[in-house]
file target.txt (compact mmCIF, C-alpha atoms)
# COMPACT_ATOMS: atom_id res chain seq x y z
CA MET A 1009 76.78 -63.20 81.71
CA SER A 1010 74.54 -66.11 82.68
CA MET A 1011 74.30 -66.70 86.39
CA PRO A 1012 72.85 -69.91 87.80
CA ASP A 1013 69.83 -69.10 89.91
CA SER A 1014 68.24 -70.72 92.89
CA SER A 1015 65.07 -69.86 94.71
CA THR A 1016 65.79 -72.11 97.68
CA ILE A 1017 67.63 -70.64 100.62
CA PHE A 1018 69.06 -73.16 103.04
CA GLN A 1019 69.93 -72.58 106.66
CA SER A 1020 73.29 -73.61 108.07
CA SER A 1021 71.57 -76.37 110.00
CA ASP A 1022 70.39 -77.81 106.68
CA LEU A 1023 73.96 -78.82 105.92
CA ASN A 1024 73.54 -81.66 108.41
CA ARG A 1025 69.83 -82.34 108.07
CA ARG A 1026 69.38 -81.85 104.30
CA GLY A 1027 72.89 -82.25 103.01
CA ARG A 1028 71.78 -84.11 99.89
CA ASP A 1029 69.26 -81.38 99.01
CA VAL A 1030 71.95 -78.73 99.38
CA LEU A 1031 74.30 -80.62 97.10
CA ASP A 1032 71.61 -81.26 94.51
CA ALA A 1033 70.73 -77.58 94.46
CA ALA A 1034 74.40 -76.72 94.00
CA ARG A 1035 74.73 -79.19 91.14
CA GLU A 1036 71.69 -77.67 89.44
CA GLY A 1037 72.99 -74.14 89.76
CA ILE A 1038 73.68 -72.54 93.11
CA ALA A 1039 72.69 -73.34 96.66
CA ARG A 1040 72.23 -70.33 98.93
CA ILE A 1041 73.03 -71.00 102.53
CA ARG A 1042 72.22 -68.49 105.29
CA ASP A 1043 74.83 -68.68 108.03
CA THR A 1044 73.97 -68.16 111.67
CA ASP A 1045 75.14 -64.54 111.53
CA GLY A 1046 72.99 -63.82 108.46
CA ALA A 1047 75.78 -63.98 105.87
CA SER A 1048 74.66 -65.43 102.56
CA LEU A 1049 76.94 -68.10 101.18
CA ILE A 1050 76.82 -69.81 97.82
CA LEU A 1051 77.73 -73.36 96.90
CA THR A 1052 78.06 -74.18 93.20
CA ARG A 1053 79.90 -76.38 90.73
CA GLU A 1054 83.56 -75.52 90.28
CA ASP A 1055 83.28 -75.50 86.47
CA SER A 1056 80.43 -72.97 86.73
CA LEU A 1057 82.59 -70.76 88.90
CA GLU A 1058 85.47 -71.03 86.45
CA LYS A 1059 83.17 -70.10 83.58
CA MET A 1060 81.96 -67.05 85.45
CA ARG A 1061 85.54 -66.07 86.25
CA ARG A 1062 86.47 -66.28 82.57
CA GLN A 1063 83.45 -64.20 81.63
CA LEU A 1064 84.38 -61.61 84.23
CA ASP A 1065 87.91 -61.53 82.87
CA THR A 1066 86.56 -61.04 79.34
CA MET A 1067 84.29 -58.25 80.52
CA GLY A 1068 87.21 -56.62 82.31
CA GLN A 1069 89.33 -56.66 79.16
CA LEU A 1070 86.49 -55.37 77.04
CA ALA A 1071 85.73 -52.61 79.53
CA GLU A 1072 89.37 -51.52 79.52
CA ALA A 1073 89.47 -51.53 75.73
CA MET A 1074 86.17 -49.68 75.58
CA ALA A 1075 87.56 -46.94 77.81
CA SER A 1076 90.65 -46.60 75.59
CA PHE A 1077 88.49 -46.63 72.48
CA ILE A 1078 86.19 -43.90 73.77
CA THR A 1079 89.17 -41.78 74.80
CA LEU A 1080 90.78 -42.17 71.38
CA ASP A 1081 87.57 -41.57 69.50
CA ARG A 1082 86.88 -38.45 71.53
CA ALA A 1083 90.38 -37.07 70.92
CA LEU A 1084 90.62 -37.84 67.22
CA ASP A 1085 87.09 -37.51 65.97
CA HIS A 1086 85.53 -34.94 68.27
CA GLU A 1087 88.38 -32.83 69.58
CA HIS A 1088 90.60 -33.20 66.49
CA ARG A 1089 93.81 -33.56 68.46
CA GLN A 1090 96.47 -36.15 69.01
CA PRO A 1091 95.78 -38.28 72.07
CA ARG A 1092 98.09 -37.76 75.01
CA PRO A 1093 100.39 -40.65 75.96
CA SER A 1094 98.53 -41.04 79.24
CA GLU A 1095 95.34 -41.63 77.29
CA LEU A 1096 96.72 -44.45 75.19
CA GLY A 1097 97.45 -47.04 77.87
CA SER A 1098 98.64 -50.25 76.24
CA TRP A 1099 98.06 -48.77 72.79
CA MET A 1100 101.01 -46.38 73.01
CA TRP A 1101 102.40 -47.81 69.77
CA MET A 1102 99.50 -46.35 67.78
CA ARG A 1103 101.19 -42.94 68.01
CA ARG A 1104 103.40 -44.19 65.19
CA LEU A 1105 100.43 -44.42 62.84
CA SER A 1106 99.63 -41.66 60.40
CA ALA A 1107 96.54 -39.57 61.01
CA GLU A 1108 94.69 -41.47 58.29
CA ASP A 1109 95.69 -44.84 59.73
CA ALA A 1110 94.84 -43.72 63.26
CA THR A 1111 91.31 -42.90 62.13
CA GLU A 1112 91.02 -46.31 60.48
CA PHE A 1113 92.42 -47.95 63.61
CA VAL A 1114 89.72 -46.39 65.76
CA ARG A 1115 87.04 -47.48 63.32
CA ASP A 1116 88.39 -51.05 63.21
CA VAL A 1117 88.63 -51.25 66.98
CA GLY A 1118 85.06 -50.01 67.26
CA ASP A 1119 83.89 -52.77 64.93
CA ALA A 1120 85.96 -55.38 66.78
CA LEU A 1121 84.65 -54.23 70.16
CA TYR A 1122 81.11 -54.61 68.91
CA GLU A 1123 81.83 -58.14 67.70
CA SER A 1124 83.63 -59.02 70.93
CA CYS A 1125 80.76 -57.77 73.06
CA ARG A 1126 78.24 -59.57 70.87
CA THR A 1127 80.08 -62.89 71.17
CA MET A 1128 81.50 -62.36 74.67
CA SER A 1129 84.94 -63.16 73.33
CA VAL A 1130 88.05 -61.02 73.28
CA ALA A 1131 89.27 -62.82 70.15
CA PRO A 1132 87.97 -60.30 67.56
CA LEU A 1133 89.40 -57.39 69.53
CA VAL A 1134 92.75 -59.08 70.19
CA SER A 1135 93.14 -60.07 66.55
CA THR A 1136 92.35 -56.57 65.29
CA VAL A 1137 94.64 -54.82 67.75
CA ASP A 1138 97.42 -57.33 67.08
CA ASP A 1139 97.20 -56.71 63.33
CA TRP A 1140 97.41 -52.97 63.90
CA LYS A 1141 100.33 -53.39 66.28
CA ALA A 1142 102.12 -55.42 63.58
CA THR A 1143 101.35 -52.60 61.14
CA ALA A 1144 102.86 -50.01 63.44
CA ASP A 1145 105.90 -52.22 63.94
CA ALA A 1146 106.33 -52.75 60.21
CA LEU A 1147 106.13 -49.03 59.50
CA ASP A 1148 108.68 -48.24 62.18
CA ASP A 1149 111.52 -49.32 59.91
CA PRO A 1150 112.24 -46.38 57.57
CA LEU A 1151 113.05 -48.49 54.51
CA ALA A 1152 110.11 -50.80 55.07
CA ARG A 1153 107.88 -47.77 55.47
CA GLU A 1154 109.00 -46.44 52.10
CA THR A 1155 108.36 -49.65 50.21
CA LEU A 1156 105.14 -50.51 52.02
CA LEU A 1157 103.60 -47.11 51.45
CA GLY A 1158 105.22 -46.04 48.20
CA ALA A 1159 104.11 -46.73 44.66
CA SER A 1160 105.77 -49.67 42.96
CA THR A 1161 106.19 -51.20 39.52
CA PRO A 1162 107.15 -54.72 38.41
CA ASN A 1163 110.65 -53.44 37.76
CA ASP A 1164 111.07 -52.73 41.45
CA TYR A 1165 111.24 -56.45 42.09
CA VAL A 1166 113.86 -59.11 41.45
CA GLU A 1167 113.44 -62.84 41.61
CA ILE A 1168 115.16 -64.64 44.46
CA GLU A 1169 116.20 -68.19 45.05
CA ARG A 1170 115.66 -70.62 47.85
CA PRO A 1171 118.28 -70.04 50.53
CA GLN A 1172 120.92 -72.71 50.38
CA THR A 1173 123.96 -73.86 52.25
CA ALA A 1174 127.38 -72.57 51.24
CA GLU A 1175 128.20 -76.06 50.02
CA GLU A 1176 125.15 -76.22 47.80
CA HIS A 1177 125.92 -72.78 46.51
CA SER A 1178 129.57 -73.53 45.71
CA THR A 1179 128.83 -76.84 44.00
CA GLY A 1180 126.15 -75.26 41.90
CA ALA A 1181 123.81 -78.08 42.81
CA ALA A 1182 120.87 -75.98 41.85
CA ALA A 1183 122.04 -75.15 38.37
CA MET B 1182 110.87 -63.99 24.37
CA ALA B 1183 112.78 -62.05 26.95
CA PRO B 1184 116.50 -62.76 27.29
CA PRO B 1185 117.37 -65.16 30.07
CA ALA B 1186 118.32 -63.70 33.38
CA LYS B 1187 121.79 -64.23 34.70
CA LYS B 1188 121.98 -67.30 36.85
CA GLY B 1189 123.18 -67.13 40.39
CA THR B 1190 123.20 -63.40 40.81
CA GLY B 1191 119.65 -63.17 42.05
CA SER B 1192 119.71 -59.51 41.17
CA SER B 1193 118.58 -59.49 37.58
CA ALA B 1194 115.43 -57.70 36.62
CA TYR B 1195 112.32 -59.78 37.01
CA GLN B 1196 111.63 -61.68 33.78
CA PRO B 1197 108.25 -63.38 33.72
CA TYR B 1198 109.27 -65.77 30.91
CA THR B 1199 112.62 -66.77 32.31
CA ASN B 1200 112.95 -70.20 33.87
CA THR B 1201 113.67 -70.07 37.54
CA ARG B 1202 116.86 -71.73 38.62
CA ARG B 1203 116.00 -74.52 41.02
CA PRO B 1204 117.35 -73.34 44.34
CA GLY B 1205 118.77 -75.09 47.35
CA GLY B 1206 120.07 -78.41 46.17
CA LYS B 1207 117.21 -80.86 45.74
CA PRO B 1208 113.99 -79.41 47.06
CA ASP B 1209 111.26 -82.01 47.38
CA TYR B 1210 108.64 -79.82 45.81
CA LYS B 1211 108.09 -77.89 42.65
CA PRO B 1212 107.81 -74.15 43.36
CA LYS B 1213 104.48 -72.84 42.19
CA TYR B 1214 104.96 -69.15 42.91
CA ARG B 1215 107.82 -67.04 41.73
CA VAL B 1216 109.24 -65.31 44.75
CA LEU B 1217 110.34 -61.73 44.25
CA VAL B 1218 111.80 -59.21 46.62
CA HIS B 1219 111.82 -55.45 46.37
CA ARG B 1220 115.20 -54.35 45.05
CA ARG B 1221 115.77 -52.11 48.02
CA HIS B 1222 115.39 -55.08 50.35
CA LYS B 1223 117.54 -57.49 48.33
CA ALA B 1224 120.55 -56.91 50.58
CA ARG B 1225 118.44 -57.78 53.60
CA TRP B 1226 117.23 -60.94 51.91
CA ASP B 1227 120.84 -61.92 51.31
CA GLU B 1228 121.45 -61.33 55.00
CA LEU B 1229 118.48 -63.40 56.10
CA VAL B 1230 120.22 -66.76 56.55
CA GLU B 1231 122.85 -65.18 58.73
CA ARG B 1232 120.15 -63.51 60.80
CA ILE B 1233 117.67 -66.32 61.30
CA GLY B 1234 119.42 -69.48 60.14
CA LEU B 1235 119.08 -71.59 57.02
CA VAL B 1236 116.17 -73.71 58.24
CA GLN B 1237 113.97 -70.74 59.05
CA ALA B 1238 114.90 -68.97 55.83
CA GLN B 1239 114.12 -72.03 53.74
CA ARG B 1240 110.85 -72.50 55.59
CA ILE B 1241 109.79 -68.99 54.65
CA TYR B 1242 110.82 -69.43 51.03
CA ASP B 1243 109.12 -72.83 50.75
CA HIS B 1244 105.88 -71.45 52.12
CA LEU B 1245 105.95 -68.46 49.79
CA ALA B 1246 106.82 -70.61 46.80
CA THR B 1247 103.99 -73.06 47.41
CA THR B 1248 101.12 -71.82 49.57
CA PRO B 1249 101.46 -68.11 50.33
CA GLY B 1250 97.70 -67.76 50.65
CA ARG B 1251 97.52 -70.13 53.59
CA LEU B 1252 98.54 -69.46 57.14
CA PRO B 1253 101.83 -71.19 57.92
CA GLU B 1254 101.39 -73.99 60.41
CA GLY B 1255 102.40 -73.23 63.96
CA LEU B 1256 103.33 -69.66 63.19
CA LYS B 1257 101.73 -66.36 63.99
CA VAL B 1258 101.25 -64.07 61.03
CA ASN B 1259 99.28 -60.88 60.78
CA ILE B 1260 97.42 -59.20 57.99
CA LEU B 1261 98.50 -55.60 58.01
CA ARG B 1262 95.93 -52.82 58.21
CA GLY B 1263 95.60 -49.37 56.80
CA ALA B 1264 97.71 -47.97 53.99
CA ALA B 1265 100.46 -50.57 54.43
CA ALA B 1266 97.98 -53.36 53.73
CA ARG B 1267 96.67 -52.16 50.43
CA PRO B 1268 97.43 -54.33 47.38
CA GLN B 1269 100.15 -52.82 45.24
CA GLU B 1270 98.28 -53.75 42.09
CA PRO B 1271 94.80 -55.12 41.44
CA GLY B 1272 94.56 -58.79 42.31
CA PHE B 1273 97.31 -58.85 44.89
CA SER B 1274 96.49 -59.89 48.43
CA ARG B 1275 96.62 -57.57 51.38
CA THR B 1276 100.04 -57.45 52.99
CA VAL B 1277 100.93 -60.41 55.19
CA HIS B 1278 103.33 -59.79 58.07
CA TRP B 1279 105.53 -62.77 59.00
CA ARG B 1280 107.36 -62.53 62.31
CA VAL B 1281 110.20 -65.00 62.56
CA PRO B 1282 110.02 -66.79 65.93
CA GLY B 1283 112.92 -66.08 68.23
CA SER B 1284 114.13 -63.23 66.07
CA ALA B 1285 113.41 -59.61 65.37
CA ALA B 1286 113.23 -60.39 61.65
CA ARG B 1287 109.96 -59.68 59.87
CA LEU B 1288 108.86 -60.02 56.28
CA ASP B 1289 105.91 -58.34 54.62
CA TYR B 1290 104.58 -59.82 51.40
CA GLN B 1291 101.70 -59.85 48.97
CA HIS B 1292 100.73 -62.65 46.61
CA HIS B 1293 98.82 -62.98 43.37
CA ALA B 1294 97.80 -66.33 41.89
CA GLU B 1295 97.39 -65.09 38.31
CA TYR B 1296 99.60 -62.09 37.93
CA ALA B 1297 99.71 -60.84 34.37
CA GLY B 1298 102.14 -57.98 34.85
CA GLY B 1299 105.65 -57.74 33.53
CA ASP B 1300 106.87 -57.38 29.96
CA LYS B 1301 104.90 -60.21 28.35
CA GLY B 1302 101.81 -60.31 30.44
CA ASP B 1303 101.60 -64.08 30.89
CA ARG B 1304 99.60 -65.26 33.85
CA HIS B 1305 101.72 -66.72 36.61
CA PRO B 1306 101.62 -66.95 40.41
CA VAL B 1307 103.81 -64.39 42.10
CA VAL B 1308 104.81 -63.45 45.62
CA ARG B 1309 106.27 -60.03 46.28
CA ILE B 1310 108.28 -59.50 49.43
CA VAL B 1311 107.60 -55.83 49.91
CA ALA B 1312 109.74 -55.31 52.98
CA ILE B 1313 112.19 -57.04 55.29
CA SER B 1314 113.30 -55.60 58.58
CA PHE B 1315 115.44 -56.73 61.47
CA SER B 1316 114.78 -54.00 64.01
CA SER B 1317 113.10 -54.91 67.28
CA HIS B 1318 110.39 -53.09 69.22

call {"tool": "encode", "arguments": {"input": "target.txt", "output": "structure tokens"}}
result
Amino acid sequence: MSMPDSSTIFQSSDLNRRGRDVLDAAREGIARIRDTDGASLILTREDSLEKMRRQLDTMGQLAEAMASFITLDRALDHEHRQPRPSELGSWMWMRRLSAEDATEFVRDVGDALYESCRTMSVAPLVSTVDDWKATADALDDPLARETLLGASTPNDYVEIERPQTAEEHSTGAAA
Amino acid sequence: MAPPAKKGTGSSAYQPYTNTRRPGGKPDYKPKYRVLVHRRHKARWDELVERIGLVQAQRIYDHLATTPGRLPEGLKVNILRGAAARPQEPGFSRTVHWRVPGSAARLDYQHHAEYAGGDKGDRHPVVRIVAISFSSH
């Protein structure tokens, strides 16, 4: 995370005597102001503060995901056991994945975490986890699970038509 | 030449050489892809309009019949992962997961721009709806 720096430390009395200098320092990065009781205060641009807040939020999300990832990886790859519900956090749905898929999930999340950390963006992680969540959801339906995971042949499929209104259907407009 | 499929039943075996009946009155486009559904999900397809409405159902069909390889505008779709994502035959895409907004309905499909399967082996664009489900999570 990039933090604006400033080597100049202003005193509280400078706010009156050197107000313009304080503001210029703040516009350039941050202005440090020492209050009369010794407290260090910072004045900076609002958009810089918002950027730092967003970066902190990103780091918080990545840290949380990293903790879940390490816990999962330790359970599955090192201890060869199913993770406990308390260890899964917001990834509780991944219990519905097969052992093979769970291993692939952990590998994918590891790759996505690396990319997210490298780019300081949660997007790669969110996209990967969302795709896996959709996979778990899709496999939760017994019939969908059978056709998604089972072998298939061309004869398993039938051609379908564009949905139409009852009127269109009865008049045979599409014939 | 394979015998023509029965019109209107929508349940005949897939015939690569059979002309597709033009569906839905007067669509303003020419379908490029043949849209197929797994036999075991045909009943759910027939139920789709009742579940999500005609407009949404037609939107799905139109997208699959024209540009299944693109992301639908304004909609969130996922590419499945793991075993459920694997192409059913060489050349097919990974499985795309379409969640219908405001509904628990979901469709999973794969597409192939030059599918040469079937009885005659002609090359034609095909979309396979592998699964349809209406259960919520």

call {"tool": "closest_residue", "arguments": {"input": "target.txt", "among": "B:Arg1221, B:Arg1262, B:Arg1267, B:Arg1309", "to": "Ala1146 in chain A", "atoms": "only C-alpha atoms"}}
result
B:Arg1262

call {"tool": "interface_residues", "arguments": {"input": "target.txt", "of": "chain A", "to": "chain B", "cutoff": "6 Å", "atoms": "only C-alpha atoms", "output": "list in words"}}
result
Asp1109, Asp1139, Trp1140, Thr1143, Ala1152, Leu1156, Leu1157, Pro1162, Asp1164, Tyr1165, Val1166, Glu1167, Ile1168, Glu1169, Arg1170, Pro1171, Gln1172, Glu1176, Ala1181 and Ala1182 of chain A

call {"tool": "atom_distance", "arguments": {"input": "target.txt", "atom1": "CA of Leu1151 in chain A", "atom2": "CA of Pro1249 in chain B"}}
result
23.2 Å

call {"tool": "atom_distance", "arguments": {"input": "target.txt", "atom1": "CA of His1305 in chain B", "atom2": "CA of Gly1158 in chain A"}}
result
24.0 Å

call {"tool": "closest_residue", "arguments": {"input": "target.txt", "among": "A:Asp1022, A:Asp1085, A:Asp1138, A:Asp1029", "to": "Glu1112 in chain A", "atoms": "all atoms listed in the file"}}
result
A:Asp1085

call {"tool": "atom_distance", "arguments": {"input": "target.txt", "atom1": "CA of Asp1149 in chain A", "atom2": "CA of Val1114 in chain A"}}
result
22.8 Å

call {"tool": "residues_around", "arguments": {"input": "target.txt", "residues": "Ser1274 in chain B", "least_positions_apart": "5", "cutoff": "7 Å", "atoms": "all atoms listed in the file", "output": "count of residues only"}}
result
4

call {"tool": "residues_around", "arguments": {"input": "target.txt", "residues": "Val1117 in chain A", "least_positions_apart": "4", "cutoff": "7 Å", "atoms": "all atoms listed in the file", "output": "list of chain:residue names"}}
result
A:Phe1113, A:Leu1121, A:Leu1133, A:Thr1136

call {"tool": "closest_residue", "arguments": {"input": "target.txt", "among": "B:Leu1256, B:Tyr1214, B:Asp1209, B:Arg1275", "to": "Arg1304 in chain B", "atoms": "all atoms listed in the file"}}
result
B:Tyr1214

call {"tool": "axis_aligned_box", "arguments": {"input": "target.txt", "around": "range 1025-1036 of chain A", "padding_each_side": "5 Å", "output": "AutoDock Vina command-line options"}}
result
--center_x 72.0 --center_y -80.4 --center_z 98.8 --size_x 15.5 --size_y 17.4 --size_z 28.6

call {"tool": "residues_around", "arguments": {"input": "target.txt", "residues": "Ser1124 in chain A", "least_positions_apart": "2", "cutoff": "12 Å", "atoms": "only C-alpha atoms", "output": "PyMOL selection string"}}
result
chain A and resi 1063+1066-1067+1069-1071+1073-1074+1117-1122+1126-1136

call {"tool": "residues_around", "arguments": {"input": "target.txt", "residues": "Ala1047 in chain A", "least_positions_apart": "3", "cutoff": "12 Å", "atoms": "only C-alpha atoms", "output": "list in words"}}
result
Ile1017, Phe1018, Gln1019, Ser1020, Arg1040, Ile1041, Arg1042, Asp1043, Thr1044 and Ile1050 of chain A

call {"tool": "residues_around", "arguments": {"input": "target.txt", "residues": "Pro1093 in chain A", "least_positions_apart": "6", "cutoff": "12 Å", "atoms": "all atoms listed in the file", "output": "list in words"}}
result
Ser1076, Thr1079, Leu1080, Ala1083, Trp1099, Met1100, Trp1101, Met1102, Arg1103 and Arg1104 of chain A
